[in-house]
Amino acid sequence: MKIYLFIISLFFCGITYSQTSITGSVKDNKDQPIPGANIKVVGDSAGSVTDIDGNFSLTTTKKPPFEIEVSSIGFGVKKVNITSNNQKVAVALSDEENKLDEIVISASRTPERIRESPVTIERMTLRDIKNTTSPTFYEGLENLKEVHFNTSSFNFKSINTRGFATVANTRFMQLVDGMDNSSPALNFNLGNLIGLSDLDVHSVELLPGASSALYGANAFNGILFMNSKNPFEFQGISTYIKRGITNHEVAGTNEFLDFGLRAAWAFTPHFAAKANFTYMRATEWIAADDRDVNGGLVGHANNRNYDGLNFFGDEVSNFISNVGTISRDGYREQDLNDNEINNVKFDASIHIRPWATSSNQYWKDTEIIAQHKVGLGNTVYQGGSRYALRNFFMSQTRAEIKHKNFFIRGYVSAEDAGDSYDMRFAAININRRAKSDVQWFTDYATAYLQSQIGLGFNGGQADAFARGFATNNITTVPGFPGTNPLGLTPFLMVKHNFSLELQNLQTL
């Protein structure tokens, strides 16, 4: 038994000895760490990428002496001699203005240098993401040229380009790892509610001009391409947590929490996997502008046809002879929605490089990817009306074969709108469920005339009496605000998209 254990120990020692480990750091000429720098063993497939602090670790089967090559966008390339196992290196890269040599993929769907791109491209690199002063990388996109942000709510922001400043930008496409993540139900992007975690974003490319020729009619106003980190190159466990306080005159003081976790590992040169989880919760601001839409006086006591800007249900009105135009009572936003918002995102993927150690250079970088993404939660969307997106759920599943000269990608998107509703029509239908419009206005007119004839009320007194009689103690639906004030039937919408492209770069 002792001899057997001794032989096993020698075997594992032999395996350990056959590998060379290297650690180190990469900084610029101002002694600042460079995240996302590439480290590659010259003449071998082994490589690594620096983390957010510029540190890296690398393991290779190659025995010293050999060279490693260190490079990063915006810096020159440097080679370092490795002479021993467990060697620690410190590399300083010099700045180099080579922005026109950056590699992009959004312009022609295949990798090409930015100076060869047929269209204008704005790009946010890993370094830009690290240096942004915005709360998230997605909000940092507003610093790119020709980008305008519309904020519908705390966690729902939409991008506009080319001067089309609409909240629901249906002609702007947003791709996450090649998948169109617009909502099948709403037909526009839900910001970053089912996008990338700040920990997993590698780069962002924006085409502010029309891109219909490559990506279809929905890309008429531009396209945003978000690329995630590859677990072969970005390994380890990383996390963040953000906490704060929001204060609003109507909503009050509330806690804000944002948490993210990323785990990625390359188990062998052929197989890697990663998973991301983010959770955010906050209290949305409450729209409470009580001004009349038509510029009249505020409140039904002063204006029989009052239609408050942020009151819902009082849009329904009718003209009554000898009285004038009368509107029904409305509800405040806090009567219709608790304004608690949250967002959960999770994605997991496996990456396979079948020929990673092959001597065939053409197929060596081929990668097979299987990925599943899920996004769910509550938010508020401000468009032509005020919408409560409650318990929505959206998922995307992707299978892709990727090569430097071509890719084959297929994915499917599915969405369940949950208990989402339009606050305006919710309030209108709450009133109608309690009493129909015909009955309400009939009761109002009858009570108004009788109060003047029988009780001698003046116009203001008659109006108050008639409104109270017509309303007849109407209150909101029991249990409201709730998840589904009208008992709306949740619905599921599915969108299928399959993309296939073969393109040989050597013929371009």
# chains A, B, ... in the order shown; residues from 1 in each chain; ligands from 1
$ residues_around --residues "segment 427-440 of chain A" --least-positions-apart "6" --cutoff "6 Å" --atoms "only C-alpha atoms" --output "list in words"
Phe312, Gly313 and Ala470 of chain A
$ write_last_selection --atoms "C-alpha atoms" --output "short mmCIF file (atom, residue, chain, number, x, y, z; two decimals), in the first residue's frame"
data_model
loop_
_atom_site.label_atom_id
_atom_site.label_comp_id
_atom_site.auth_asym_id
_atom_site.auth_seq_id
_atom_site.Cartn_x
_atom_site.Cartn_y
_atom_site.Cartn_z
CA PHE A 312 -55.37 58.48 -13.71
CA GLY A 313 -59.00 57.73 -14.60
CA ALA A 470 -72.59 59.45 -8.55
#
$ residues_around --residues "Asn181 of chain A" --least-positions-apart "6" --cutoff "9 Å" --atoms "only C-alpha atoms" --output "PyMOL selection string"
chain A and resi 173-175+188-190+194-195+396+413
$ select_by_dssp --residues "segment 412-456 of chain A" --states "alpha helix (DSSP H)" --output "ChimeraX atom specification"
/A:423-434,437-454
$ write_last_selection --atoms "N, CA and C atoms" --output "short mmCIF file (atom, residue, chain, number, x, y, z; two decimals), in the first residue's frame"
data_model
loop_
_atom_site.label_atom_id
_atom_site.label_comp_id
_atom_site.auth_asym_id
_atom_site.auth_seq_id
_atom_site.Cartn_x
_atom_site.Cartn_y
_atom_site.Cartn_z
N MET A 423 -51.28 52.25 -16.10
CA MET A 423 -51.98 52.85 -14.96
C MET A 423 -53.21 53.65 -15.39
N ARG A 424 -53.14 54.31 -16.53
CA ARG A 424 -54.28 55.11 -16.98
C ARG A 424 -55.49 54.22 -17.22
N PHE A 425 -55.31 53.17 -18.03
CA PHE A 425 -56.45 52.32 -18.35
C PHE A 425 -56.84 51.43 -17.17
N ALA A 426 -55.88 51.15 -16.27
CA ALA A 426 -56.23 50.42 -15.05
C ALA A 426 -57.21 51.26 -14.23
N ALA A 427 -56.91 52.56 -14.07
CA ALA A 427 -57.78 53.44 -13.29
C ALA A 427 -59.14 53.60 -13.96
N ILE A 428 -59.13 53.76 -15.29
CA ILE A 428 -60.39 53.91 -16.02
C ILE A 428 -61.27 52.68 -15.83
N ASN A 429 -60.67 51.50 -15.92
CA ASN A 429 -61.45 50.26 -15.81
C ASN A 429 -61.84 49.95 -14.37
N ILE A 430 -61.07 50.43 -13.40
CA ILE A 430 -61.48 50.30 -12.01
C ILE A 430 -62.78 51.08 -11.79
N ASN A 431 -62.81 52.32 -12.31
CA ASN A 431 -64.04 53.11 -12.22
C ASN A 431 -65.20 52.42 -12.92
N ARG A 432 -64.94 51.91 -14.11
CA ARG A 432 -66.02 51.30 -14.88
C ARG A 432 -66.50 49.98 -14.24
N ARG A 433 -65.58 49.26 -13.59
CA ARG A 433 -66.01 48.03 -12.94
C ARG A 433 -66.93 48.36 -11.77
N ALA A 434 -66.65 49.44 -11.06
CA ALA A 434 -67.51 49.84 -9.94
C ALA A 434 -68.84 50.40 -10.44
N ASP A 437 -69.65 54.12 -17.16
CA ASP A 437 -69.62 55.55 -17.47
C ASP A 437 -71.04 56.08 -17.68
N VAL A 438 -71.87 55.33 -18.40
CA VAL A 438 -73.25 55.78 -18.66
C VAL A 438 -74.00 55.96 -17.35
N GLN A 439 -73.88 54.99 -16.45
CA GLN A 439 -74.59 55.07 -15.17
C GLN A 439 -74.05 56.20 -14.31
N TRP A 440 -72.73 56.37 -14.30
CA TRP A 440 -72.14 57.40 -13.46
C TRP A 440 -72.60 58.79 -13.90
N PHE A 441 -72.51 59.08 -15.21
CA PHE A 441 -72.90 60.40 -15.70
C PHE A 441 -74.42 60.61 -15.58
N THR A 442 -75.20 59.54 -15.72
CA THR A 442 -76.65 59.66 -15.51
C THR A 442 -76.96 60.01 -14.07
N ASP A 443 -76.29 59.33 -13.13
CA ASP A 443 -76.49 59.63 -11.71
C ASP A 443 -76.06 61.06 -11.38
N TYR A 444 -74.96 61.47 -11.98
CA TYR A 444 -74.46 62.83 -11.73
C TYR A 444 -75.48 63.86 -12.21
N ALA A 445 -75.95 63.72 -13.45
CA ALA A 445 -76.88 64.70 -14.02
C ALA A 445 -78.18 64.75 -13.23
N THR A 446 -78.69 63.58 -12.83
CA THR A 446 -79.93 63.52 -12.06
C THR A 446 -79.78 64.21 -10.71
N ALA A 447 -78.70 63.89 -10.01
CA ALA A 447 -78.47 64.49 -8.69
C ALA A 447 -78.21 65.99 -8.80
N TYR A 448 -77.53 66.41 -9.83
CA TYR A 448 -77.21 67.83 -10.00
C TYR A 448 -78.50 68.64 -10.16
N LEU A 449 -79.38 68.18 -11.05
CA LEU A 449 -80.62 68.92 -11.30
C LEU A 449 -81.55 68.87 -10.09
N GLN A 450 -81.67 67.72 -9.44
CA GLN A 450 -82.55 67.60 -8.29
C GLN A 450 -82.07 68.46 -7.12
N SER A 451 -80.74 68.54 -6.94
CA SER A 451 -80.23 69.36 -5.84
C SER A 451 -80.49 70.84 -6.06
N GLN A 452 -80.48 71.27 -7.31
CA GLN A 452 -80.77 72.67 -7.60
C GLN A 452 -82.26 72.96 -7.43
N ILE A 453 -83.10 72.03 -7.96
CA ILE A 453 -84.55 72.26 -7.91
C ILE A 453 -85.10 72.02 -6.51
N GLY A 454 -84.74 70.90 -5.92
CA GLY A 454 -85.34 70.53 -4.63
C GLY A 454 -84.66 71.15 -3.43
#
$ closest_residue --among "A:Asp177, A:Asp95, A:Glu367, A:Glu284" --to "Thr246 of chain A" --atoms "only C-alpha atoms"
A:Glu284
$ decode --residues "segment 60-74 of chain A" --atoms "N, CA and C atoms" --output "short mmCIF file (atom, residue, chain, number, x, y, z; two decimals), in the first residue's frame"
data_model
loop_
_atom_site.label_atom_id
_atom_site.label_comp_id
_atom_site.auth_asym_id
_atom_site.auth_seq_id
_atom_site.Cartn_x
_atom_site.Cartn_y
_atom_site.Cartn_z
N THR A 60 1.37 27.31 -18.07
CA THR A 60 1.64 26.75 -19.39
C THR A 60 2.45 25.46 -19.25
N THR A 61 2.32 24.62 -20.23
CA THR A 61 3.10 23.37 -20.24
C THR A 61 4.49 23.58 -20.81
N LYS A 62 4.73 24.78 -21.32
CA LYS A 62 6.03 25.07 -21.91
C LYS A 62 7.06 25.30 -20.80
N LYS A 63 8.26 24.76 -20.98
CA LYS A 63 9.31 24.88 -19.98
C LYS A 63 10.21 26.08 -20.30
N PRO A 64 10.68 26.79 -19.27
CA PRO A 64 11.60 27.92 -19.51
C PRO A 64 12.88 27.43 -20.17
N PRO A 65 13.56 28.29 -20.91
CA PRO A 65 13.20 29.70 -21.13
C PRO A 65 12.24 29.86 -22.32
N PHE A 66 11.38 30.87 -22.21
CA PHE A 66 10.50 31.26 -23.32
C PHE A 66 10.08 32.70 -23.09
N GLU A 67 9.27 33.24 -24.01
CA GLU A 67 8.85 34.63 -23.94
C GLU A 67 7.33 34.72 -23.80
N ILE A 68 6.89 35.75 -23.09
CA ILE A 68 5.47 36.09 -23.08
C ILE A 68 5.30 37.46 -23.74
N GLU A 69 4.17 37.65 -24.39
CA GLU A 69 3.88 38.90 -25.07
C GLU A 69 2.73 39.59 -24.36
N VAL A 70 2.93 40.84 -23.98
CA VAL A 70 1.94 41.61 -23.24
C VAL A 70 1.45 42.76 -24.11
N SER A 71 0.13 42.88 -24.26
CA SER A 71 -0.43 43.94 -25.12
C SER A 71 -1.77 44.40 -24.57
N SER A 72 -2.16 45.61 -24.93
CA SER A 72 -3.46 46.16 -24.57
C SER A 72 -3.78 47.28 -25.54
N ILE A 73 -5.07 47.47 -25.81
CA ILE A 73 -5.50 48.53 -26.72
C ILE A 73 -5.07 49.89 -26.19
N GLY A 74 -4.44 50.68 -27.03
CA GLY A 74 -3.95 51.99 -26.63
C GLY A 74 -2.53 51.99 -26.11
#
